[in-house]
Amino acid sequence: MDDRTTRLESAVGELRQTVAALERRLAALEAAGVGSTPEPGAESPAPAATPPVEAKSARDPIVILSLIGRLLLVLAGGFFLRAMTDTGTLAPPVGLALGFLYALVWLFMADRAAKRQQAQGALFHALGTAMIAFPLLVEAATKFKVLSGTGAVLGIAVLAGAMLAVAWRRQLRIVAWIAVVGALPTCFALLVQTGVVAPFAFLLIALGVVTLWMGYAYDWWGLRWPVALAADVAVVGVTLRVLSPEHQETPLVAMALQLLLLAAYVLSIAIRTIIRRRGVVLFEVVQTIAVLVIGFGGVLYLSRVTAIGPRTIGVIGLVLGAVCYGVAVRFLDGEEGASERNVYFYTSLGLAYVLGGLVLILGSPWVGVACGLLAVAAAALWSRLGRLFLLLNAVVYLLACGSASGVLLYCARAIAAPWTEPWALPGMGGIVLLVAGGLSAYLATAQRGRENDDIASGLRLLLDVIFALAAGGCAVGYLVPRVASLPDGGVNAGVLATVRTGVLSIATLAIAWAGRQPRWREWAWLVYPLLVGIGLKMVMQDFKESRPATLFIAMALYGAALIVAPRLRRAASATTTRAEPVA
């Protein structure tokens with residue numbers, strides 16, 4: 001009885017295994033589409049669902065060798081036409097035309113192979129087209145002199161355009177890469193040998209825009225980088241040829257190419273980011289900077305030989321800056337991520353345009369005044385809206401305010417650097433930087449406790465440093481002529497060192513006192529760096545230059561700062577800790 005039960009259980013187990021195997025085989029057949037019946041109203045399976053024969057055998061050596069042999073046969077046909085042209089059987093124009101048409105026939109075959117889902121066949125056919133046609137165009141323009149430079153440009157445009165069209169239509173990235181890798185060296189080889197640059201630059205700009213949009217459509221991000229670089233280099237070459245001794249290009253042609261490069265890429269990026277509301281990517285940032293330098297800067301570079309003055313270019317820059325700021329407003333209420341990146345992209349673009357326009361329109365002191373007003377305006381908007389890019393703009397504008405007239409450099413020299421020439425006063429630029437820095441630093445203390453407050457604190461600290469530098473530099477600048485001037489117009493080095501130590505010590509005490517308030521907590525971060533800096537300065541300057549009387553004053557002031565400032569700093573830390581809300 002036990003044996004019969006055991007045999008029965010064994011048979012049932014085998015039956016289960018057999019049924020499971022049948023179920024697995026049936027599932028595999030259904031997945032392959034064999035014997036399945038589509039539901040009513042459902043779409044029939046696409047032919048692409050069944051892997052093509054070549055795709056199944058992509059790693060089969062026989063298939064690979066067969067494709068290589070096919071490629072060699074294609075190239076053999078091209079060499080046959082070339083031999084007939086060399087021997088005079090065919091006239092050069094006829095032989096070259098037949099060779100070009102022969103190459104396009106194989107591009108047509110590549111399209112048909114891609115339609116049949118034979119990716120490897122399409123690849124080898126497209127490769128044969130490129131290996132025949134691109135060298136043929138070079139020889140047609142250089143050796144046989146059948147094509148002019150412009151004719152060669154048209155030939156490359158037709159060939160590369162046809163190959164990119166096949167790549168776009170069949171979504172074959174490798175065919176697009178073959179077109180680009182073949183077109184770029186061919187363009188530069190013909191550019192060098194024919195001396196015709198402008199038409200090739202125009203062609204490269206067109207190829208750059210096409211590959212840019214192919215990247216947008218199919219996410220072929222790598223394709224656009226080499227073409228954009230080639231277009232940039234070509235336009236720079238045209239610009240340099242204008243000012244060469246031989247005047248190889250006209251200014252009008254160069255400026256047209258510069259503006260075309262700028263407009264083509266900026267408009268394409270604007271369409272994607274504004275109309276399609278996509279976030280900017282690394283390529284768009286890098287290429288925008290490049291086309292701004294080449295296009296906007298190139299027009300300015302050529303203004304010396306054209307009727308367009310720098311002020312006109314500056315006005316255009318201000319208008320474009322206002323437009324960029326207006327576009328950024330469109331993304332202010334968008335979602336985090338793409339819209340946030342677009343805000344920073346367009347505000348940075350507007351910032352560059354505005355600064356460039358101001359430099360071209362206004363003189364040195366008035367650029368500082370305008371940038372100071374813009375810094376205060378950006379800080380005021382930050383205090384109301386709390387958007388981090390406004391605080392960043394305020395810092396950049398304030399730095400531009402101090403750099404435009406050299407005030408920041410003057411203040412740094414007045415505080416710490418050796419001074420041998422007659423003393424100079426800060427002037428209007430110092431007052432503007434002092435007022436703008438103070439107002440910006442005050443307005444920037446608003447909007448506490450928001451997201452990214454650590455970044456905001458760093459930007460506030462930069463504003464505080466600029467203001468402190470302006471205040472200390474102006475104080476030293478106005479005090480030195482009254483207490484340390486010499487009859488020959490110079491200054492007493494010992495008294496100068498003491499004035500500097502006194503100003504820095506008093507400033508440290510004021511900064512430590514202000515840092516006690518939570519709203520001014522970033523001021524407290526400057527206390528210890530200032531104390532260390534004053535000590536190093538005394539070792540390097542005061543003990544070397546000062547007399548006992550002046551050294552007594554400097555040491556007394558620095559000693560008081562060492563005693564009082566850390567205590568105020570500790571009080572500031574305690575106050576800030578109590579003021580922070582408990583999560």
# chains A, B, ... in the order shown; residues from 1 in each chain; ligands from 1
>>> residues_around(residues="segment 378-395 of chain A", least_positions_apart="3", cutoff="6 Å", atoms="only C-alpha atoms", output="list in words")
Ala375, Leu398, Ser440, Leu443, Ala444, Ala446 and Gln447 of chain A
>>> write_last_selection(atoms="N, CA and C atoms", output="compact mmCIF listing (two decimals), in the first residue's frame")
# COMPACT_ATOMS: atom_id res chain seq x y z
N ALA A 375 22.13 97.66 -7.59
CA ALA A 375 22.37 96.79 -6.44
C ALA A 375 21.34 97.04 -5.34
N LEU A 398 26.87 95.22 -6.96
CA LEU A 398 27.68 95.97 -6.02
C LEU A 398 29.17 95.78 -6.30
N SER A 440 22.35 98.15 0.60
CA SER A 440 22.19 96.76 0.14
C SER A 440 22.36 95.78 1.30
N LEU A 443 19.15 96.01 3.47
CA LEU A 443 17.97 95.40 2.86
C LEU A 443 18.12 93.88 2.75
N ALA A 444 19.35 93.42 2.62
CA ALA A 444 19.57 91.98 2.47
C ALA A 444 19.31 91.20 3.74
N ALA A 446 16.64 91.10 5.39
CA ALA A 446 15.25 90.65 5.46
C ALA A 446 15.13 89.22 4.95
N GLN A 447 13.92 88.68 5.04
CA GLN A 447 13.59 87.35 4.52
C GLN A 447 14.44 86.26 5.16
>>> closest_atom_pairs(of="segment 286-365 of chain A", to="segment 401-419 of chain A", cutoff="9 Å", atoms="only C-alpha atoms", output="JSON lines")
{"residue": "A:Val359", "atom": "CA", "partner": "A:Ala404", "partner_atom": "CA", "distance": 8.4}
{"residue": "A:Ser364", "atom": "CA", "partner": "A:Ser405", "partner_atom": "CA", "distance": 5.6}
{"residue": "A:Pro365", "atom": "CA", "partner": "A:Ser405", "partner_atom": "CA", "distance": 5.6}
>>> write_last_selection(atoms="C-alpha atoms", output="mmCIF file, in the first residue's frame")
data_model
loop_
_atom_site.group_PDB
_atom_site.id
_atom_site.type_symbol
_atom_site.label_atom_id
_atom_site.label_comp_id
_atom_site.auth_asym_id
_atom_site.auth_seq_id
_atom_site.Cartn_x
_atom_site.Cartn_y
_atom_site.Cartn_z
ATOM 1 C CA VAL A 359 29.986 99.994 -19.735
ATOM 2 C CA SER A 364 33.719 105.183 -15.679
ATOM 3 C CA PRO A 365 32.255 107.045 -12.643
#
>>> residues_around(residues="segment 213-219 of chain A", least_positions_apart="2", cutoff="12 Å", atoms="only C-alpha atoms", output="PyMOL selection string")
chain A and resi 164-173+176-177+206-211+221-225+227+264-265+267-269+271-273+276+278-281+283-284
>>> write_last_selection(atoms="C-alpha atoms", output="PDB file, in the first residue's frame")
ATOM      1  CA  LEU A 164      20.529  63.855 -41.386  1.00  0.00           C
ATOM      2  CA  ALA A 165      17.067  63.566 -42.945  1.00  0.00           C
ATOM      3  CA  VAL A 166      17.423  59.782 -43.082  1.00  0.00           C
ATOM      4  CA  ALA A 167      18.706  59.760 -39.505  1.00  0.00           C
ATOM      5  CA  TRP A 168      15.758  61.905 -38.364  1.00  0.00           C
ATOM      6  CA  ARG A 169      13.179  59.891 -40.304  1.00  0.00           C
ATOM      7  CA  ARG A 170      14.412  56.494 -39.169  1.00  0.00           C
ATOM      8  CA  GLN A 171      15.736  57.641 -35.756  1.00  0.00           C
ATOM      9  CA  LEU A 172      19.227  56.340 -36.482  1.00  0.00           C
ATOM     10  CA  ARG A 173      21.659  58.207 -34.275  1.00  0.00           C
ATOM     11  CA  ALA A 176      23.608  61.327 -37.868  1.00  0.00           C
ATOM     12  CA  TRP A 177      27.046  60.859 -36.315  1.00  0.00           C
ATOM     13  CA  ALA A 206      22.803  75.721 -40.139  1.00  0.00           C
ATOM     14  CA  LEU A 207      24.140  72.264 -39.228  1.00  0.00           C
ATOM     15  CA  GLY A 208      24.462  73.405 -35.624  1.00  0.00           C
ATOM     16  CA  VAL A 209      20.800  74.398 -35.428  1.00  0.00           C
ATOM     17  CA  VAL A 210      19.689  71.152 -37.106  1.00  0.00           C
ATOM     18  CA  THR A 211      21.675  68.980 -34.698  1.00  0.00           C
ATOM     19  CA  TRP A 221      22.718  65.312 -26.686  1.00  0.00           C
ATOM     20  CA  GLY A 222      26.277  64.514 -27.833  1.00  0.00           C
ATOM     21  CA  LEU A 223      25.682  65.365 -31.488  1.00  0.00           C
ATOM     22  CA  ARG A 224      25.297  69.123 -30.984  1.00  0.00           C
ATOM     23  CA  TRP A 225      28.581  69.770 -29.155  1.00  0.00           C
ATOM     24  CA  VAL A 227      28.947  71.117 -34.541  1.00  0.00           C
ATOM     25  CA  ALA A 264      19.976  81.029 -34.296  1.00  0.00           C
ATOM     26  CA  TYR A 265      21.041  79.536 -30.982  1.00  0.00           C
ATOM     27  CA  LEU A 267      16.046  81.802 -30.416  1.00  0.00           C
ATOM     28  CA  SER A 268      16.183  78.005 -30.472  1.00  0.00           C
ATOM     29  CA  ILE A 269      16.969  77.893 -26.765  1.00  0.00           C
ATOM     30  CA  ILE A 271      11.649  78.447 -27.954  1.00  0.00           C
ATOM     31  CA  ARG A 272      12.503  75.367 -25.942  1.00  0.00           C
ATOM     32  CA  THR A 273      12.686  77.045 -22.543  1.00  0.00           C
ATOM     33  CA  ARG A 276       7.919  74.498 -24.303  1.00  0.00           C
ATOM     34  CA  ARG A 278      11.741  73.010 -20.493  1.00  0.00           C
ATOM     35  CA  GLY A 279      14.633  73.523 -18.136  1.00  0.00           C
ATOM     36  CA  VAL A 280      17.963  74.742 -19.467  1.00  0.00           C
ATOM     37  CA  VAL A 281      20.736  72.171 -19.804  1.00  0.00           C
ATOM     38  CA  PHE A 283      24.942  72.742 -23.461  1.00  0.00           C
ATOM     39  CA  GLU A 284      22.534  75.690 -23.605  1.00  0.00           C
TER      40      GLU A 284
END
>>> atom_distance(atom1="atom CA of Arg341 of chain A", atom2="atom CA of Ala328 of chain A")
9.9 Å
>>> residues_around(residues="Ala471 of chain A", least_positions_apart="5", cutoff="12 Å", atoms="only C-alpha atoms", output="VMD selection string")
chain A and resid 407 to 408 410 to 412 414 to 415 426 430 to 438 464 to 466 476 to 478 503 to 504 506 to 508 510 to 511
>>> residues_around(residues="segment 529-533 of chain A", least_positions_apart="2", cutoff="8 Å", atoms="only C-alpha atoms", output="list in words")
Leu504, Ser505, Thr508, Trp525, Leu526, Val527, Gly535, Leu536, Lys537, Ala561 and Leu562 of chain A
>>> closest_residue(among="A:Val367, A:Ala152, A:Leu320, A:Val329", to="Ala352 of chain A", atoms="only C-alpha atoms")
A:Leu320
>>> select_by_dssp(residues="segment 393-450 of chain A", states="alpha helix (DSSP H)", output="PyMOL selection string")
chain A and resi 393-404+407-416+427-443
>>> atom_distance(atom1="atom CA of Gly195 of chain A", atom2="atom CA of Val138 of chain A")
13.3 Å
>>> residues_around(residues="Thr239 of chain A", least_positions_apart="5", cutoff="10 Å", atoms="only C-alpha atoms", output="PyMOL selection string")
chain A and resi 198+233-234+244+248-251+253-255+257-258+294-295+298-299+301-302
>>> residues_around(residues="Ala549 of chain A", least_positions_apart="5", cutoff="10 Å", atoms="only C-alpha atoms", output="ChimeraX atom specification")
/A:494-495,498,554
>>> write_last_selection(atoms="C-alpha atoms", output="PDB file, in the first residue's frame")
ATOM      1  CA  GLY A 494      54.284 105.227  10.945  1.00  0.00           C
ATOM      2  CA  VAL A 495      51.222 107.439  11.343  1.00  0.00           C
ATOM      3  CA  THR A 498      48.551 103.617  13.253  1.00  0.00           C
ATOM      4  CA  ALA A 554      47.801 101.343  17.910  1.00  0.00           C
TER       5      ALA A 554
END
>>> atom_distance(atom1="atom CA of Lys145 of chain A", atom2="atom CA of Ala231 of chain A")
25.7 Å
